[in-house]
Every structure is written in structure tokens, then in C-alpha cells.
Amino acid sequence: SAVISQKPSRDICQRGTSLTIQCQVDSQVTMMFWYRQQPGQSLTLIATANQGSEATYESGFVIDKFPISRPNLTFSTLTVSNMSPEDSSIYLCSVVGGFGTEAFFGQGTRLTVV
Amino acid sequence: KQEVTQIPAALSVPEGENLVLNCSFTDSAIYNLQWFRQDPGKGLTSLLLIQSSQREQTSGRLNASLDKSSGRSTLYIAASQPGDSATYLCAAPDDKIIFGKGTRLHILP
């Protein structure tokens, strides 16, 4: 299994500012993912964080708004840039060890933009 | 492209009842099927993982089955308790993790 530490657990931010969310895993993992969960909705995949290369973004998400870093196999960050109230959501990181293995999630970051 | 559907979207049952949550997926070439629980405002907790070669997995009062040929999985909860109230999500981890929209379960005391 993998233990994921995600920080911060929650934050209240002013519109127009940026917030960086950190995800630390206790073991090396191949795939890391970032999700957004808007109020009352299911999880939407933002991007796949690739070690040593650019992240792969899903339709509707762009690097300028959600820059991602993946400097090694145990760590990743997601930045929510130039925030607006519509960015208020829970953001979650997830890891999968490889094809056919179990997925694990961080405890989430609850972001409120005012 | 994998699509995951969960039925019902919401369910309320009296405490003590047995219940079944359904999950269907369009691409049967999955590596595994995973069930999660999410409490309001929280992250996801993994409940059960069924490998593609398996038909079911059990953990306590939970039993999950997998039928790849029909593209279906079910989560059976026995003797439901108020603490089981949460949203239950199924997912098929692959090169990305595709989720259903979840079933919001409410157990009535």
C-alpha cells in the first residue's frame, strides 16, 4: 500500500492569488494524478503528473491555470493559479503503482476562494 | 474510452438492511476494479480491489463482485449501519483512473 500526505488540508484564498498543493508519497510510484471535486460532484481528472516530463492535461484543463511539477517518483505539486470563486473545490492527488495495482488517495485539499 | 456508470445515484435504507450498489463499465479490458468510500468533505478511502482474474473480494460486511464479460461490478453491504452513510465510488484504474459519479448512501437509524 501507499501512504499519501497532502498539504494543505484546507485553505481560504483571495481571488487572483495562487495556491500550491503538495503531494508526498511514502514509496516510489509510477503514476500520480490530480483530481478536482466541485461541490456535490464526482471527481474530475485534471492531469497525470509524469516524472521528468510535462504533465498530461485532460480536456478543459490547461497548464497556465494548473501548473504541475513532478520532480521525482515520490512527490508532486499542483498550483491553482489566478484563482476565482469557481475554483472552490476539493483537490485530490492519487497514485497508482502500475497497471493492475491499487489506487490510493490523499486526504484532499479543501479550497475556498473568496 | 472507458466510461463508468453507477446506479442508483442515491439510496436511503433503514438500518440493518442488506443492500447492493451497482457499477458498470464500457471497456471490459480492465486490470482491476476498485471500490471507494468518501465521507462529506473528505478524501477517498479504498474499500476493495478486485483483480481482473478474480470474481469477488470480501472485507467484513462488504463483498464486491466482478463480471468482466458483462462489464459489471456490485458492492454488497450486509446488515447496514448508520456509519455506512457515505458516497460510494467505483473506478477502473488504468493509465488513468476513471470514476463513476457515485452512489450517495444514507442509512436511516
# chains A, B, ... in the order shown; residues from 1 in each chain; ligands from 1
>>> residues_around(residues="range 85-91 of chain A", least_positions_apart="2", cutoff="6 Å", atoms="only C-alpha atoms", output="list in words")
Tyr35, Arg36, Gln37, Gln38, Gly108, Thr109, Arg110, Leu111, Thr112, Val113 and Val114 of chain A
>>> residues_around(residues="range 64-78 of chain A", least_positions_apart="6", cutoff="7 Å", atoms="only C-alpha atoms", output="JSON, numbers by chain")
{"A": [20, 21, 22, 23, 24, 25, 26, 27, 28, 29, 30, 49, 50, 51, 52, 55]}
>>> interface_residues(of="chain A", to="chain B", cutoff="8 Å", atoms="only C-alpha atoms", output="number ranges by chain")
A: 31, 33, 41-43, 45, 48, 90, 92, 96, 99-108, 110
>>> write_last_selection(atoms="N, CA and C atoms", output="PDB file, in the first residue's frame")
ATOM      1  N   MET A  31       2.642   6.351 -11.476  1.00  0.00           N
ATOM      2  CA  MET A  31       1.627   7.289 -11.923  1.00  0.00           C
ATOM      3  C   MET A  31       1.060   8.087 -10.760  1.00  0.00           C
ATOM      4  N   PHE A  33      -1.805  11.315 -10.119  1.00  0.00           N
ATOM      5  CA  PHE A  33      -2.910  12.016 -10.756  1.00  0.00           C
ATOM      6  C   PHE A  33      -3.420  13.124  -9.843  1.00  0.00           C
ATOM      7  N   GLN A  41     -20.284  17.147  -6.713  1.00  0.00           N
ATOM      8  CA  GLN A  41     -19.949  16.448  -7.949  1.00  0.00           C
ATOM      9  C   GLN A  41     -18.984  15.293  -7.688  1.00  0.00           C
ATOM     10  N   SER A  42     -18.798  14.471  -8.710  1.00  0.00           N
ATOM     11  CA  SER A  42     -17.812  13.405  -8.614  1.00  0.00           C
ATOM     12  C   SER A  42     -16.433  13.958  -8.950  1.00  0.00           C
ATOM     13  N   LEU A  43     -15.462  13.089  -8.992  1.00  0.00           N
ATOM     14  CA  LEU A  43     -14.088  13.504  -9.247  1.00  0.00           C
ATOM     15  C   LEU A  43     -13.842  13.689 -10.735  1.00  0.00           C
ATOM     16  N   LEU A  45     -10.709  14.303 -13.426  1.00  0.00           N
ATOM     17  CA  LEU A  45      -9.263  14.250 -13.574  1.00  0.00           C
ATOM     18  C   LEU A  45      -8.755  15.530 -14.212  1.00  0.00           C
ATOM     19  N   THR A  48      -2.380  14.040 -15.442  1.00  0.00           N
ATOM     20  CA  THR A  48      -1.473  12.988 -14.996  1.00  0.00           C
ATOM     21  C   THR A  48      -0.090  13.598 -14.868  1.00  0.00           C
ATOM     22  N   ILE A  90     -12.599  20.590  -3.767  1.00  0.00           N
ATOM     23  CA  ILE A  90     -11.635  19.718  -3.120  1.00  0.00           C
ATOM     24  C   ILE A  90     -10.690  19.223  -4.203  1.00  0.00           C
ATOM     25  N   LEU A  92      -7.592  16.588  -5.026  1.00  0.00           N
ATOM     26  CA  LEU A  92      -7.027  15.345  -4.504  1.00  0.00           C
ATOM     27  C   LEU A  92      -5.913  14.836  -5.397  1.00  0.00           C
ATOM     28  N   VAL A  96      -1.029   5.402  -8.444  1.00  0.00           N
ATOM     29  CA  VAL A  96      -1.193   4.002  -8.828  1.00  0.00           C
ATOM     30  C   VAL A  96       0.202   3.456  -9.070  1.00  0.00           C
ATOM     31  N   PHE A  99       0.090  -0.677 -13.766  1.00  0.00           N
ATOM     32  CA  PHE A  99      -1.127  -1.295 -14.279  1.00  0.00           C
ATOM     33  C   PHE A  99      -1.516  -2.493 -13.419  1.00  0.00           C
ATOM     34  N   GLY A 100      -2.798  -2.535 -13.048  1.00  0.00           N
ATOM     35  CA  GLY A 100      -3.302  -3.653 -12.281  1.00  0.00           C
ATOM     36  C   GLY A 100      -3.113  -3.534 -10.793  1.00  0.00           C
ATOM     37  N   THR A 101      -2.555  -2.429 -10.334  1.00  0.00           N
ATOM     38  CA  THR A 101      -2.376  -2.255  -8.895  1.00  0.00           C
ATOM     39  C   THR A 101      -3.412  -1.279  -8.358  1.00  0.00           C
ATOM     40  N   GLU A 102      -3.406  -1.167  -7.058  1.00  0.00           N
ATOM     41  CA  GLU A 102      -4.429  -0.410  -6.360  1.00  0.00           C
ATOM     42  C   GLU A 102      -4.151   1.082  -6.434  1.00  0.00           C
ATOM     43  N   ALA A 103      -5.220   1.861  -6.457  1.00  0.00           N
ATOM     44  CA  ALA A 103      -5.109   3.321  -6.430  1.00  0.00           C
ATOM     45  C   ALA A 103      -5.303   3.812  -5.005  1.00  0.00           C
ATOM     46  N   PHE A 104      -4.528   4.818  -4.628  1.00  0.00           N
ATOM     47  CA  PHE A 104      -4.631   5.414  -3.303  1.00  0.00           C
ATOM     48  C   PHE A 104      -4.771   6.921  -3.446  1.00  0.00           C
ATOM     49  N   PHE A 105      -5.446   7.511  -2.452  1.00  0.00           N
ATOM     50  CA  PHE A 105      -5.708   8.940  -2.499  1.00  0.00           C
ATOM     51  C   PHE A 105      -5.187   9.641  -1.260  1.00  0.00           C
ATOM     52  N   GLY A 106      -4.783  10.885  -1.470  1.00  0.00           N
ATOM     53  CA  GLY A 106      -4.513  11.758  -0.347  1.00  0.00           C
ATOM     54  C   GLY A 106      -5.809  12.175   0.308  1.00  0.00           C
ATOM     55  N   GLN A 107      -5.695  12.863   1.436  1.00  0.00           N
ATOM     56  CA  GLN A 107      -6.893  13.236   2.193  1.00  0.00           C
ATOM     57  C   GLN A 107      -7.591  14.445   1.595  1.00  0.00           C
ATOM     58  N   GLY A 108      -6.996  15.047   0.575  1.00  0.00           N
ATOM     59  CA  GLY A 108      -7.652  16.141  -0.116  1.00  0.00           C
ATOM     60  C   GLY A 108      -7.314  17.506   0.451  1.00  0.00           C
ATOM     61  N   ARG A 110      -9.176  21.149   0.731  1.00  0.00           N
ATOM     62  CA  ARG A 110     -10.434  21.865   0.551  1.00  0.00           C
ATOM     63  C   ARG A 110     -10.124  23.329   0.354  1.00  0.00           C
TER      64      ARG A 110
END
>>> select_by_dssp(residues="range 69-100 of chain B", states="strand (DSSP E or B)", output="list in words")
Arg72, Ser73, Thr74, Leu75, Tyr76, Ile77, Ala86, Thr87, Tyr88, Leu89, Cys90, Ala91, Ala92, Pro93, Ile97, Ile98 and Phe99 of chain B
>>> residues_around(residues="range 8-24 of chain B", least_positions_apart="4", cutoff="6 Å", atoms="only C-alpha atoms", output="PyMOL selection string")
chain B and resi 4+71-81+103-109
>>> atom_distance(atom1="CA of Thr5 in chain B", atom2="CA of Ser70 in chain B")
13.2 Å
>>> atom_distance(atom1="CA of Leu19 in chain A", atom2="CA of Arg37 in chain B")
27.0 Å
>>> atom_distance(atom1="CA of Ser59 in chain A", atom2="CA of Glu3 in chain B")
15.3 Å
>>> residues_around(residues="Met83 in chain A", least_positions_apart="4", cutoff="6 Å", atoms="only C-alpha atoms", output="PyMOL selection string")
chain A and resi 15-17
